[in-house]
Structure formats: structure tokens, C-alpha cells
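Working notes for the structure below.
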Amino acid sequence: FMILLKNLFNIYLIKKMINKDFKRRRDFLISKIEDNSIVFLFSGLEKSRNNDVNYKFRQSSNFFYLTGINNPSLLLIITKIGNRHSTTLVCDRPNDIDKIWHGQLPSKSSYKNEFGIQNVLYFDELSSLELNDTKNMYFEFADENRLNEFIDNLNLTQPQSRYLRNNTSRSTKIDLSNLIFDMRRIKSKSEVSLIRHAAKISANAHVNIMKSCKSGLKEYEVEANFIKYCMSERCQQAYPAIVASGKNACVLHYTKNNAILRSNNLLLVDAAAEYDNYASDITRTIPISGKFNEFQKKIYEIVLKAQTMAIKACKPGKTLIDIHNVAVKYITKGLIEAKILTGKLERNIKEEKYKKYYMHNTGHWLGLDVHDPSSYSNNGKPIKLKPGMIFTVEPGIYINKETGIDKGFHNIGVRIEDDILITDSGCEVLSRDVPKSVKDIEKLMSHA
């Protein structure tokens with residue numbers, strides 16, 4: 001009971017800490033936009049699954065990043081004119097229909113008090129919204145139709161607005177997305193705490209899989225085990241799980257998850273939890289029998305060596321290209337030693353012979369999206385790693401049936417993926433609680 005109370009208190013502190021971040025982010029955004037500007041940022045929409053049934057709502061990552069609000073049908077408006085700037089949230093009015101079917105909508109005062117936004121209006125109060133003509137209009141270009149519809153309605157009550165006037169003085173349109181994406185690249189302490197928590201839950205779920213894995217199970221039963229644990233810890237799935245046994249592991253984005261686990265095969269599980277919209281991303285590859293055979297072990301240890309050396313290279317000043325190059329070196333070296341590739345190391349790397357077996361990048365940004373959309377370069381140069389950046393390191397080898405190599409290597413797919421936080425002195429592996437050495441995995445599985 002005391003442990004539960006402690007965990008709940010820690011979660012409360014995390015949420016309290018991150019609530020302070022939202023205003024700082026909005027203030028920073030204001031400092032980055034041009035003077036005489038207006039920002040329109042829409043929340044996510046509920047999406048139809050089929051007929052009159054919607055998918056479970058998931059907030060737009062950029063909207064959540066600036067507000068912390070998880071509801072649909074909202075609009076954030078920020079204006080900056082000279083030394084004056086204001087922030088307004090526009091929401092639907094509470095009503096009896098929503099109260100009956102979905103639960104009462106939050107009131108203006110509840111939004112204002114909980115999220116600290118200075119002005120809150122209902123959509124039916126737009127006549128009181130004061131918008132001066134501005135030189136620049138920032139919005140996410142993907143939402144242009146939604147913005148045009150909003151402005152059409154706004155013009156019904158504010159005919160003096162020039163946004164849709166057919167003249168040359170219309171506002172300059174600027175894509176807001178990339179500006180926020182780049183803000184999201186370096187995580188605050190509270191964001192790191194949330195991702196660390198998601199990684200901890202994911203790690204425990206992976207350990208459960210290692211303990212319960214056995215031949216005869218269906219891939220979807222393994223997936224169900226993972227989801228059950230995450231949901232018991234109030235976490236969603238960060239992405240559709242890849243549970244790939246045998247040759248299925250050679251399909252990078254395999255998600256059918258319907259094959260039977262066979263004792264002579266490996267099982268690759270790429271699955272992770274999302275907590276309070278922040279993702280983790282972990283992959284482990286284990287022997288279904290509980291013990292690697294000689295061919296599986298050889299490939300596994302090549303990938304593990306490549307990942308170990310790549311993680312050692314994760315430090316401030318390096319780039320994700322540097323990390324990838326380290327992984328490529330050790331993957332290629334290992335494939336030559338296993339006689340899957342032939343020739344000199346340098347030539348194999350130069351001619352990209354390794355790509356037949358290792359065809360993806362070694363890592364990606366991680367955060368509110370499992371593949372956080374922050375750019376990887378600036379003015380043509382790779383982004384240098386700084387403290388607070390979080391990304392994955394996930395080398396792999398995938399060998400289909402082919403002539404010219406020992407049949408023992410056929411249908412082996414191995415990927416090992418961890419979540420990395422750059423620190424002042426190097427890095428922290430946020431997903432370190434999942435075993436990954438051959439010895440540790442076999443030991444854990446032997447006690448299942």
C-alpha cells in the first residue's frame with residue numbers, strides 16, 4: 001500500500017512539474033514568432049473507426065505540448081503585437097447532450113483554473129474575440145481547411161477582418177509545425193520523467209514476456225500479455241506492437257501477429273508503453289525455446305555488440321549519423337566474420353553491402369510521438385546531440401532464405417532497441433531494466 005501511495009505521489013509531482021512547462025513553452029513560442037503575428041493551433045479531432053463509432057481519442061502532439069489538454073474540438077489563439085501578447089482558448093459550451101452521452105464538457109473557468117490560460121471563450125462567443133489585422137499568420141498547414149472554416153465563421157461576426165479579403169494585404173502564412181517540432185527536440189525534466197516512467201513500464205512488460213514465452217503460443221497472445229501489463233499500469237500502447245516469430249521477424253513492420261511460436265525460432269517483440277502521451281520504444285529478441293542455438297547466438301551477439309558500441313558513442317557533440325556509422329561498422333564486421341559477407345570491411349561499408357541485412361537507420365527522436373518529427377539537420381548539417389535529447393538506438397540484422405550462406409542463418413531476424421537520454425557527461429539508457437545479454441536472457445527464461 002505504501003509503495004502504491006509513493007508511486008501515486010511521484011506521478012502527482014511529475015504532473016505538477018509538467019503543468020508549469022506549458023506556459024513556458026507558449027512564452028518561448030511567442031519569443032520565436034515575428035512581431036505583428038497571430039497563431040492558430042487546433043486540437044486533435046475524433047476520428048471515425050467505422051459508421052458511428054470513433055477511435056479512442058488521442059490529442060494532437062503539438063497541441064498537447066503547448067497546453068497539456070487532452071480534449072478534442074479546441075482552438076488555441078496567440079497574438080503578438082508589439083510588447084503585447086495574449087493567449088485565448090476557444091472551446092465548446094457545456095451542454096445536456098454531451099452530459100448524457102459522453103460526460104459534461106469542461107467549463108471556461110475549469111480550463112482557465114486547471115491549465116492557466118488567461119482567456120477562455122466558447123465558440124458561440126466569437127463576437128467578443130478581438131483580433132487585430134496582423135502581418136503574419138502561423139498555423140499547421142495540415143489544418144488549413146479547419147482554419148478557413150473558422151475564419152469564415154469569424155467573418156460573419158467581424159466583417160472588418162481582412163483575412164479573406166481579396167486584396168494584397170492578406171497575412172503571410174507560416175507553417176507552425178516545424179517551429180514546434182524543433183522546440184520539442186530537447187526535453188524538459190518533467191518530460192524526461194514521463195518517458196522514463198513509460199520505459200520502466202515497458203521494461204517490466206518485456207520481462208513478463210520473457211518469463212512466459214513458450215512454444216505453442218500465438219503471437220497475439222504475447223501481444224495481449226504485453227498490453228494487459230501496460231494497461232494495468234495506466235499506460236496506452238505507443239504504437240501497434242510487432243510480435244514476430246521466425247521468418248516474420250525479417251519483415252520490419254510486421255503487425256499481423258497471428259503465427260504460432262515454434263521452439264526452434266526466435267521471437268522479436270517491438271512494443272512499448274505510452275504514458276500521459278509520452279512514448280517509449282523498446283525491442284528485444286529472445287529464443288522461444290529459452291536457449292539460443294549457435295546460429296541465432298552468433299547473429300544476436302553481432303547486433304548486441306553493434307548496439308553496445310553505438311550507445312557508448314552517444315554523447316554531447318555527436319550526431320545520429322555518427323551513432324549510425326558506429327553500428328554499421330560493427331554490423332558489417334560481424335557479418336564478415338560470420339561469412340555472410342566477404343571482402344574487406346571498408347569496401348563493404350563503402351559499397352553498402354550490409355544494407356541487404358541491415359536496411360534501416362539506427363535511431364530516431366522519441367517523445368510525444370514514437371517517431372518524434374523534429375528535424376535531423378539544420379542548414380544541411382546534422383543536428384549535434386545536446387543534453388535533454390532522447391532517441392532510440394536499434395541496430396538489427398534480418399536474413400531471409402538465400403543461397404550462398406549457411407542454412408542455419410536462414411529466417412533469423414534480430415533487433416535490439418533502447419531509449420537513450422543525452423546527459424552532460426554522456427547518456428542514460430532509460431530502458432536498461434530489460435535484460436539483453438545472452439546469459440541474462442537465458443537465465444531469466446530458464447526460471448519461467
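As shown in the C-alpha cells, the chain order sets the letters A, B, ...; within each chain, residues go from 1, and ligands are also counted from 1 in the order they appear.
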Who sits within 8 Å of A:Ile441, only C-alpha atoms, same chain under 3 positions skipped, as a list in words: Met210, Ile286, Gly290, Pro435, Lys436, Ser437, Val438, Leu444 and Met445 of chain A
Please identify all polymer residues within 10 Å of A:Arg234, counting only C-alpha atoms, omitting same-chain residues fewer than 3 positions from it, and present them as a PyMOL selection string. chain A and resi 198+201+228-231+273-276
Kindly save the residues from that selection, with N, CA and C atoms included, as an mmCIF file, in the first residue's frame.
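Dumped everything to selection.cif:
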```cif
data_model
loop_
_atom_site.group_PDB
_atom_site.id
_atom_site.type_symbol
_atom_site.label_atom_id
_atom_site.label_comp_id
_atom_site.auth_asym_id
_atom_site.auth_seq_id
_atom_site.Cartn_x
_atom_site.Cartn_y
_atom_site.Cartn_z
ATOM 1 N N ALA A 198 7.355 5.672 -18.696
ATOM 2 C CA ALA A 198 6.843 4.812 -19.775
ATOM 3 C C ALA A 198 7.827 3.688 -20.073
ATOM 4 N N ILE A 201 7.663 0.943 -17.338
ATOM 5 C CA ILE A 201 6.519 0.054 -17.507
ATOM 6 C C ILE A 201 6.761 -0.900 -18.682
ATOM 7 N N LYS A 228 -1.908 -6.085 -21.537
ATOM 8 C CA LYS A 228 -2.534 -6.230 -20.214
ATOM 9 C C LYS A 228 -1.670 -5.595 -19.130
ATOM 10 N N TYR A 229 -0.351 -5.869 -19.199
ATOM 11 C CA TYR A 229 0.515 -5.287 -18.166
ATOM 12 C C TYR A 229 0.530 -3.763 -18.262
ATOM 13 N N CYS A 230 0.663 -3.251 -19.467
ATOM 14 C CA CYS A 230 0.723 -1.792 -19.634
ATOM 15 C C CYS A 230 -0.571 -1.126 -19.156
ATOM 16 N N MET A 231 -1.704 -1.700 -19.509
ATOM 17 C CA MET A 231 -2.976 -1.118 -19.101
ATOM 18 C C MET A 231 -3.169 -1.190 -17.589
ATOM 19 N N ALA A 273 5.103 1.146 -24.078
ATOM 20 C CA ALA A 273 4.017 1.888 -23.464
ATOM 21 C C ALA A 273 4.132 3.378 -23.749
ATOM 22 N N GLU A 274 2.966 4.025 -23.686
ATOM 23 C CA GLU A 274 2.873 5.483 -23.745
ATOM 24 C C GLU A 274 2.204 5.948 -22.457
ATOM 25 N N TYR A 275 2.839 6.888 -21.765
ATOM 26 C CA TYR A 275 2.269 7.395 -20.517
ATOM 27 C C TYR A 275 2.047 8.896 -20.629
ATOM 28 N N ASP A 276 0.810 9.326 -20.405
ATOM 29 C CA ASP A 276 0.448 10.743 -20.494
ATOM 30 C C ASP A 276 0.924 11.335 -21.821
#
```
Could you please write out, as a ChimeraX atom specification, every residue of stretch 125-308 of chain A that DSSP assigns to strand (DSSP E or B)? /A:136-139,172-175,186,218,236-237,242-245,260,266-270,273-275,278-279,283-287
Could the residues in this selection be written to a file with N, CA, C and O atoms, as a short mmCIF file (atom, residue, chain, number, x, y, z; two decimals), in the first residue's frame?
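Once written, result.cif looks like this:
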```cif
data_model
loop_
_atom_site.label_atom_id
_atom_site.label_comp_id
_atom_site.auth_asym_id
_atom_site.auth_seq_id
_atom_site.Cartn_x
_atom_site.Cartn_y
_atom_site.Cartn_z
N ASN A 136 1.45 38.47 -40.03
CA ASN A 136 1.81 37.06 -40.17
C ASN A 136 0.76 36.17 -39.51
O ASN A 136 0.29 36.46 -38.41
N MET A 137 0.45 35.06 -40.16
CA MET A 137 -0.49 34.10 -39.61
C MET A 137 0.19 32.74 -39.55
O MET A 137 0.54 32.15 -40.58
N TYR A 138 0.39 32.24 -38.33
CA TYR A 138 1.03 30.95 -38.11
C TYR A 138 -0.04 29.89 -37.86
O TYR A 138 -0.94 30.09 -37.04
N PHE A 139 0.07 28.76 -38.54
CA PHE A 139 -0.83 27.64 -38.28
C PHE A 139 -0.20 26.38 -38.89
O PHE A 139 0.75 26.47 -39.67
N THR A 172 0.74 36.93 -44.27
CA THR A 172 1.69 35.92 -44.73
C THR A 172 1.45 34.64 -43.95
O THR A 172 1.41 34.65 -42.72
N LYS A 173 1.31 33.52 -44.64
CA LYS A 173 1.06 32.24 -43.99
C LYS A 173 2.38 31.54 -43.68
O LYS A 173 3.23 31.39 -44.55
N ILE A 174 2.53 31.11 -42.45
CA ILE A 174 3.76 30.46 -42.00
C ILE A 174 3.40 29.15 -41.31
O ILE A 174 2.52 29.13 -40.44
N ASP A 175 4.08 28.05 -41.69
CA ASP A 175 3.79 26.75 -41.09
C ASP A 175 4.29 26.71 -39.64
O ASP A 175 5.48 26.89 -39.38
N ILE A 186 14.51 19.05 -27.48
CA ILE A 186 15.13 18.95 -26.16
C ILE A 186 14.03 18.87 -25.11
O ILE A 186 13.17 19.74 -25.02
N LYS A 218 0.32 -18.25 -29.51
CA LYS A 218 0.14 -17.41 -30.70
C LYS A 218 0.82 -16.06 -30.45
O LYS A 218 0.91 -15.59 -29.30
N GLN A 236 -1.09 3.45 -22.25
CA GLN A 236 -1.55 3.05 -23.56
C GLN A 236 -0.38 2.45 -24.34
O GLN A 236 0.77 2.48 -23.89
N GLN A 237 -0.67 1.91 -25.52
CA GLN A 237 0.39 1.44 -26.40
C GLN A 237 0.92 2.62 -27.21
O GLN A 237 0.15 3.42 -27.74
N ILE A 242 4.80 -5.06 -32.68
CA ILE A 242 5.35 -6.04 -33.61
C ILE A 242 5.74 -7.26 -32.78
O ILE A 242 6.63 -7.18 -31.93
N VAL A 243 5.04 -8.36 -32.98
CA VAL A 243 5.35 -9.62 -32.30
C VAL A 243 5.61 -10.64 -33.39
O VAL A 243 4.69 -11.22 -33.97
N ALA A 244 6.89 -10.84 -33.70
CA ALA A 244 7.27 -11.55 -34.93
C ALA A 244 8.17 -12.74 -34.61
O ALA A 244 9.30 -12.57 -34.16
N SER A 245 7.65 -13.93 -34.87
CA SER A 245 8.44 -15.13 -34.62
C SER A 245 9.00 -15.68 -35.93
O SER A 245 8.39 -15.53 -37.00
N ILE A 260 2.00 -19.11 -34.93
CA ILE A 260 2.27 -19.91 -33.74
C ILE A 260 3.77 -19.88 -33.44
O ILE A 260 4.61 -19.98 -34.34
N LEU A 266 13.39 -17.69 -33.15
CA LEU A 266 13.49 -16.51 -32.30
C LEU A 266 12.15 -15.77 -32.31
O LEU A 266 11.34 -15.91 -33.22
N LEU A 267 11.95 -14.95 -31.28
CA LEU A 267 10.78 -14.09 -31.20
C LEU A 267 11.25 -12.65 -31.03
O LEU A 267 11.93 -12.32 -30.05
N LEU A 268 10.90 -11.80 -31.99
CA LEU A 268 11.23 -10.37 -31.92
C LEU A 268 9.97 -9.63 -31.47
O LEU A 268 8.93 -9.73 -32.11
N VAL A 269 10.08 -8.89 -30.38
CA VAL A 269 8.96 -8.10 -29.86
C VAL A 269 9.37 -6.64 -29.81
O VAL A 269 10.26 -6.26 -29.04
N ASP A 270 8.73 -5.84 -30.65
CA ASP A 270 8.93 -4.38 -30.68
C ASP A 270 7.62 -3.78 -30.17
O ASP A 270 6.64 -3.66 -30.91
N ALA A 273 5.10 1.15 -24.08
CA ALA A 273 4.02 1.89 -23.46
C ALA A 273 4.13 3.38 -23.75
O ALA A 273 5.22 3.90 -24.00
N GLU A 274 2.97 4.02 -23.69
CA GLU A 274 2.87 5.48 -23.74
C GLU A 274 2.20 5.95 -22.46
O GLU A 274 1.14 5.44 -22.10
N TYR A 275 2.84 6.89 -21.77
CA TYR A 275 2.27 7.39 -20.52
C TYR A 275 2.05 8.90 -20.63
O TYR A 275 2.99 9.64 -20.93
N TYR A 278 3.39 10.46 -23.68
CA TYR A 278 4.82 10.34 -23.96
C TYR A 278 5.19 8.88 -24.18
O TYR A 278 4.83 8.00 -23.40
N ALA A 279 5.92 8.64 -25.28
CA ALA A 279 6.20 7.28 -25.74
C ALA A 279 7.55 6.76 -25.25
O ALA A 279 8.49 7.52 -25.04
N THR A 283 12.72 -2.81 -28.21
CA THR A 283 12.67 -4.10 -28.92
C THR A 283 13.63 -5.08 -28.26
O THR A 283 14.77 -4.71 -27.93
N ARG A 284 13.15 -6.30 -28.08
CA ARG A 284 14.01 -7.39 -27.64
C ARG A 284 13.75 -8.60 -28.53
O ARG A 284 12.65 -8.80 -29.03
N THR A 285 14.80 -9.42 -28.70
CA THR A 285 14.70 -10.65 -29.47
C THR A 285 15.15 -11.80 -28.59
O THR A 285 16.26 -11.75 -28.02
N ILE A 286 14.29 -12.80 -28.43
CA ILE A 286 14.55 -13.89 -27.48
C ILE A 286 14.35 -15.24 -28.15
O ILE A 286 13.60 -15.37 -29.13
N PRO A 287 15.00 -16.30 -27.62
CA PRO A 287 14.79 -17.65 -28.16
C PRO A 287 13.53 -18.25 -27.56
O PRO A 287 13.37 -18.30 -26.33
#
```
Please give the complete set of residues from stretch 143-288 of chain A that DSSP, run on the backbone, assigns to alpha helix (DSSP H), formatted as a CSV table (one decimal) with N, CA and C atoms, in the first residue's frame.
```
chain,number,residue,atom,x,y,z
A,144,GLU,N,-5.3,23.7,-42.6
A,144,GLU,CA,-5.7,24.8,-43.4
A,144,GLU,C,-7.2,24.9,-43.6
A,145,ASN,N,-7.8,23.7,-43.9
A,145,ASN,CA,-9.3,23.7,-44.1
A,145,ASN,C,-10.0,24.0,-42.9
A,146,ARG,N,-9.5,23.5,-41.7
A,146,ARG,CA,-10.2,23.9,-40.5
A,146,ARG,C,-10.1,25.4,-40.2
A,147,LEU,N,-8.9,25.9,-40.5
A,147,LEU,CA,-8.7,27.4,-40.2
A,147,LEU,C,-9.6,28.2,-41.1
A,148,ASN,N,-9.7,27.8,-42.4
A,148,ASN,CA,-10.5,28.6,-43.3
A,148,ASN,C,-12.0,28.5,-42.9
A,149,GLU,N,-12.4,27.4,-42.4
A,149,GLU,CA,-13.8,27.3,-41.9
A,149,GLU,C,-14.0,28.2,-40.7
A,150,PHE,N,-13.0,28.2,-39.8
A,150,PHE,CA,-13.1,29.0,-38.6
A,150,PHE,C,-13.2,30.5,-39.0
A,151,ILE,N,-12.3,30.9,-39.9
A,151,ILE,CA,-12.3,32.3,-40.4
A,151,ILE,C,-13.6,32.7,-41.1
A,152,ASP,N,-14.1,31.8,-41.8
A,152,ASP,CA,-15.4,32.0,-42.5
A,152,ASP,C,-16.5,32.4,-41.4
A,153,ASN,N,-16.5,31.6,-40.4
A,153,ASN,CA,-17.5,31.8,-39.3
A,153,ASN,C,-17.1,33.1,-38.5
A,154,LEU,N,-15.9,33.4,-38.4
A,154,LEU,CA,-15.4,34.6,-37.7
A,154,LEU,C,-15.8,35.8,-38.5
A,155,ASN,N,-15.8,35.8,-39.8
A,155,ASN,CA,-16.1,36.9,-40.6
A,155,ASN,C,-17.6,37.3,-40.6
A,156,LEU,N,-18.4,36.3,-40.2
A,156,LEU,CA,-19.8,36.6,-40.0
A,156,LEU,C,-20.1,37.6,-38.9
A,157,THR,N,-19.2,37.6,-37.9
A,157,THR,CA,-19.4,38.5,-36.8
A,157,THR,C,-18.4,39.6,-36.8
A,177,SER,N,4.1,24.1,-37.6
A,177,SER,CA,4.5,22.7,-37.2
A,177,SER,C,6.0,22.6,-36.9
A,178,ASN,N,6.8,23.0,-37.9
A,178,ASN,CA,8.3,22.8,-37.8
A,178,ASN,C,8.8,23.6,-36.6
A,179,LEU,N,8.3,24.8,-36.3
A,179,LEU,CA,8.7,25.6,-35.2
A,179,LEU,C,8.5,24.9,-33.9
A,180,ILE,N,7.3,24.2,-33.7
A,180,ILE,CA,7.1,23.5,-32.5
A,180,ILE,C,7.9,22.2,-32.5
A,181,PHE,N,8.0,21.5,-33.7
A,181,PHE,CA,8.8,20.3,-33.7
A,181,PHE,C,10.2,20.5,-33.2
A,182,ASP,N,10.8,21.6,-33.6
A,182,ASP,CA,12.2,21.9,-33.1
A,182,ASP,C,12.2,22.3,-31.6
A,183,MET,N,11.2,22.9,-31.1
A,183,MET,CA,11.1,23.1,-29.7
A,183,MET,C,11.0,21.8,-28.9
A,189,LYS,N,12.8,18.5,-17.8
A,189,LYS,CA,12.9,17.5,-16.8
A,189,LYS,C,11.7,16.7,-16.6
A,190,SER,N,10.5,17.4,-16.7
A,190,SER,CA,9.3,16.7,-16.5
A,190,SER,C,9.0,15.7,-17.6
A,191,GLU,N,9.3,16.1,-18.9
A,191,GLU,CA,9.2,15.2,-20.0
A,191,GLU,C,10.1,14.0,-19.9
A,192,VAL,N,11.3,14.2,-19.4
A,192,VAL,CA,12.2,13.1,-19.2
A,192,VAL,C,11.6,12.1,-18.2
A,193,SER,N,11.0,12.7,-17.1
A,193,SER,CA,10.4,11.8,-16.1
A,193,SER,C,9.3,11.0,-16.7
A,194,LEU,N,8.4,11.6,-17.5
A,194,LEU,CA,7.3,10.8,-18.1
A,194,LEU,C,7.8,9.7,-19.1
A,195,ILE,N,8.8,10.0,-19.9
A,195,ILE,CA,9.4,9.0,-20.8
A,195,ILE,C,10.1,7.9,-20.0
A,196,ARG,N,10.8,8.3,-18.9
A,196,ARG,CA,11.4,7.3,-18.1
A,196,ARG,C,10.4,6.4,-17.4
A,197,HIS,N,9.2,6.9,-17.0
A,197,HIS,CA,8.2,6.1,-16.4
A,197,HIS,C,7.6,5.2,-17.5
A,198,ALA,N,7.4,5.7,-18.7
A,198,ALA,CA,6.8,4.8,-19.8
A,198,ALA,C,7.8,3.7,-20.1
A,199,ALA,N,9.1,4.0,-20.1
A,199,ALA,CA,10.1,3.0,-20.4
A,199,ALA,C,10.2,1.9,-19.3
A,200,LYS,N,10.0,2.4,-18.0
A,200,LYS,CA,10.0,1.4,-16.9
A,200,LYS,C,8.9,0.5,-17.0
A,201,ILE,N,7.7,0.9,-17.3
A,201,ILE,CA,6.5,0.1,-17.5
A,201,ILE,C,6.8,-0.9,-18.7
A,202,SER,N,7.3,-0.4,-19.8
A,202,SER,CA,7.6,-1.2,-21.0
A,202,SER,C,8.6,-2.3,-20.6
A,203,ALA,N,9.6,-1.9,-19.8
A,203,ALA,CA,10.7,-2.9,-19.5
A,203,ALA,C,10.0,-4.0,-18.7
A,204,ASN,N,9.2,-3.7,-17.7
A,204,ASN,CA,8.5,-4.8,-16.9
A,204,ASN,C,7.7,-5.7,-17.8
A,205,ALA,N,7.0,-5.0,-18.8
A,205,ALA,CA,6.1,-5.8,-19.7
A,205,ALA,C,7.0,-6.8,-20.5
A,206,HIS,N,8.2,-6.3,-21.0
A,206,HIS,CA,9.1,-7.2,-21.7
A,206,HIS,C,9.6,-8.3,-20.9
A,207,VAL,N,9.9,-8.0,-19.6
A,207,VAL,CA,10.4,-9.1,-18.7
A,207,VAL,C,9.3,-10.1,-18.5
A,208,ASN,N,8.0,-9.7,-18.4
A,208,ASN,CA,6.9,-10.6,-18.3
A,208,ASN,C,6.9,-11.6,-19.5
A,209,ILE,N,7.1,-11.0,-20.7
A,209,ILE,CA,7.1,-11.8,-21.9
A,209,ILE,C,8.2,-12.9,-21.9
A,210,MET,N,9.4,-12.5,-21.5
A,210,MET,CA,10.5,-13.4,-21.4
A,210,MET,C,10.2,-14.5,-20.4
A,211,LYS,N,9.5,-14.2,-19.3
A,211,LYS,CA,9.2,-15.2,-18.3
A,211,LYS,C,8.1,-16.2,-18.8
A,212,SER,N,7.2,-15.7,-19.7
A,212,SER,CA,6.0,-16.5,-20.0
A,212,SER,C,6.1,-17.1,-21.4
A,219,GLU,N,1.3,-15.4,-31.5
A,219,GLU,CA,1.9,-14.1,-31.4
A,219,GLU,C,1.0,-13.1,-30.7
A,220,TYR,N,-0.3,-13.2,-31.1
A,220,TYR,CA,-1.3,-12.3,-30.5
A,220,TYR,C,-1.5,-12.5,-29.0
A,221,GLU,N,-1.2,-13.7,-28.5
A,221,GLU,CA,-1.3,-14.0,-27.1
A,221,GLU,C,-0.1,-13.3,-26.3
A,222,VAL,N,1.0,-13.2,-27.0
A,222,VAL,CA,2.2,-12.5,-26.4
A,222,VAL,C,1.8,-11.0,-26.4
A,223,GLU,N,1.2,-10.5,-27.5
A,223,GLU,CA,0.8,-9.1,-27.6
A,223,GLU,C,-0.2,-8.8,-26.5
A,224,ALA,N,-1.1,-9.7,-26.3
A,224,ALA,CA,-2.2,-9.5,-25.2
A,224,ALA,C,-1.5,-9.4,-23.8
A,225,ASN,N,-0.5,-10.2,-23.6
A,225,ASN,CA,0.2,-10.2,-22.3
A,225,ASN,C,0.8,-8.8,-22.1
A,226,PHE,N,1.4,-8.3,-23.2
A,226,PHE,CA,2.1,-7.0,-23.1
A,226,PHE,C,1.1,-5.9,-22.8
A,227,ILE,N,0.0,-5.9,-23.6
A,227,ILE,CA,-1.0,-4.8,-23.4
A,227,ILE,C,-1.6,-4.9,-22.0
A,228,LYS,N,-1.9,-6.1,-21.5
A,228,LYS,CA,-2.5,-6.2,-20.2
A,228,LYS,C,-1.7,-5.6,-19.1
A,229,TYR,N,-0.4,-5.9,-19.2
A,229,TYR,CA,0.5,-5.3,-18.2
A,229,TYR,C,0.5,-3.8,-18.3
A,230,CYS,N,0.7,-3.3,-19.5
A,230,CYS,CA,0.7,-1.8,-19.6
A,230,CYS,C,-0.6,-1.1,-19.2
A,231,MET,N,-1.7,-1.7,-19.5
A,231,MET,CA,-3.0,-1.1,-19.1
A,231,MET,C,-3.2,-1.2,-17.6
A,232,SER,N,-2.6,-2.2,-17.0
A,232,SER,CA,-2.7,-2.3,-15.5
A,232,SER,C,-1.9,-1.2,-14.8
```
What's the 7 Å shell around stretch 389-397 of chain A, counting only C-alpha atoms, without same-chain residues fewer than 6 positions away, as a VMD selection string? chain A and resid 185 to 187 303 306 to 307 311 327 357 to 358 362 to 366 413 to 422
Those same residues - N, CA, C and O atoms - I'd like them written as a short mmCIF file (atom, residue, chain, number, x, y, z; two decimals), in the first residue's frame.
```cif
data_model
loop_
_atom_site.label_atom_id
_atom_site.label_comp_id
_atom_site.auth_asym_id
_atom_site.auth_seq_id
_atom_site.Cartn_x
_atom_site.Cartn_y
_atom_site.Cartn_z
N ARG A 185 12.53 19.05 -29.51
CA ARG A 185 13.70 18.18 -29.62
C ARG A 185 14.40 18.00 -28.27
O ARG A 185 14.86 16.90 -27.95
N ILE A 186 14.51 19.05 -27.48
CA ILE A 186 15.13 18.95 -26.16
C ILE A 186 14.03 18.87 -25.11
O ILE A 186 13.17 19.74 -25.02
N LYS A 187 14.07 17.80 -24.32
CA LYS A 187 13.02 17.55 -23.34
C LYS A 187 13.31 18.26 -22.01
O LYS A 187 14.46 18.37 -21.59
N VAL A 303 24.60 -8.11 -33.30
CA VAL A 303 23.72 -6.96 -33.10
C VAL A 303 23.95 -6.32 -31.74
O VAL A 303 24.00 -5.09 -31.61
N ALA A 306 27.11 -4.29 -31.78
CA ALA A 306 26.90 -3.05 -32.52
C ALA A 306 26.13 -2.04 -31.68
O ALA A 306 26.45 -0.85 -31.66
N GLN A 307 25.10 -2.52 -30.96
CA GLN A 307 24.31 -1.60 -30.13
C GLN A 307 25.13 -1.08 -28.96
O GLN A 307 25.09 0.11 -28.62
N ILE A 311 25.86 2.86 -28.39
CA ILE A 311 25.44 3.57 -27.17
C ILE A 311 26.63 4.25 -26.51
O ILE A 311 26.51 5.37 -25.99
N ALA A 327 27.31 1.73 -35.51
CA ALA A 327 26.54 0.49 -35.62
C ALA A 327 26.83 -0.23 -36.93
O ALA A 327 27.00 -1.46 -36.95
N TYR A 357 21.17 -6.76 -45.25
CA TYR A 357 20.79 -7.38 -43.98
C TYR A 357 20.47 -6.34 -42.89
O TYR A 357 19.86 -6.69 -41.88
N TYR A 358 20.89 -5.12 -43.11
CA TYR A 358 20.62 -4.04 -42.15
C TYR A 358 20.26 -2.80 -42.96
O TYR A 358 21.10 -2.02 -43.37
N THR A 362 19.74 3.66 -37.48
CA THR A 362 20.00 3.13 -36.14
C THR A 362 19.12 3.78 -35.08
O THR A 362 18.95 3.21 -34.00
N GLY A 363 18.55 4.94 -35.37
CA GLY A 363 17.75 5.57 -34.33
C GLY A 363 16.89 6.69 -34.84
O GLY A 363 17.01 7.14 -35.99
N HIS A 364 15.99 7.16 -33.98
CA HIS A 364 15.08 8.27 -34.29
C HIS A 364 14.76 9.00 -33.01
O HIS A 364 14.86 8.46 -31.90
N TRP A 365 14.32 10.25 -33.14
CA TRP A 365 13.90 11.02 -31.97
C TRP A 365 12.69 10.36 -31.33
O TRP A 365 11.87 9.72 -32.00
N LEU A 366 12.56 10.56 -30.03
CA LEU A 366 11.48 9.95 -29.26
C LEU A 366 10.88 10.98 -28.32
O LEU A 366 11.60 11.80 -27.73
N GLY A 413 15.81 -13.02 -37.69
CA GLY A 413 15.67 -11.57 -37.59
C GLY A 413 15.93 -11.14 -36.15
O GLY A 413 15.29 -11.66 -35.23
N VAL A 414 16.88 -10.24 -35.98
CA VAL A 414 17.25 -9.78 -34.64
C VAL A 414 17.30 -8.25 -34.63
O VAL A 414 17.93 -7.64 -35.49
N ARG A 415 16.61 -7.65 -33.68
CA ARG A 415 16.74 -6.22 -33.42
C ARG A 415 16.77 -6.01 -31.91
O ARG A 415 16.02 -6.66 -31.18
N ILE A 416 17.63 -5.11 -31.47
CA ILE A 416 17.72 -4.74 -30.06
C ILE A 416 17.62 -3.23 -29.99
O ILE A 416 18.42 -2.52 -30.61
N GLU A 417 16.63 -2.75 -29.24
CA GLU A 417 16.34 -1.30 -29.23
C GLU A 417 16.19 -0.79 -27.81
O GLU A 417 15.48 -1.37 -27.00
N ASP A 418 16.87 0.33 -27.56
CA ASP A 418 16.77 1.01 -26.27
C ASP A 418 16.56 2.50 -26.45
O ASP A 418 16.83 3.06 -27.51
N ASP A 419 16.08 3.14 -25.39
CA ASP A 419 15.79 4.57 -25.38
C ASP A 419 16.91 5.30 -24.65
O ASP A 419 17.21 4.98 -23.49
N ILE A 420 17.49 6.30 -25.31
CA ILE A 420 18.71 6.94 -24.85
C ILE A 420 18.47 8.43 -24.55
O ILE A 420 17.94 9.15 -25.39
N LEU A 421 18.85 8.86 -23.37
CA LEU A 421 18.81 10.27 -22.98
C LEU A 421 20.24 10.81 -22.96
O LEU A 421 21.11 10.25 -22.28
N ILE A 422 20.47 11.90 -23.68
CA ILE A 422 21.79 12.54 -23.63
C ILE A 422 21.89 13.36 -22.34
O ILE A 422 20.98 14.14 -22.01
#
```
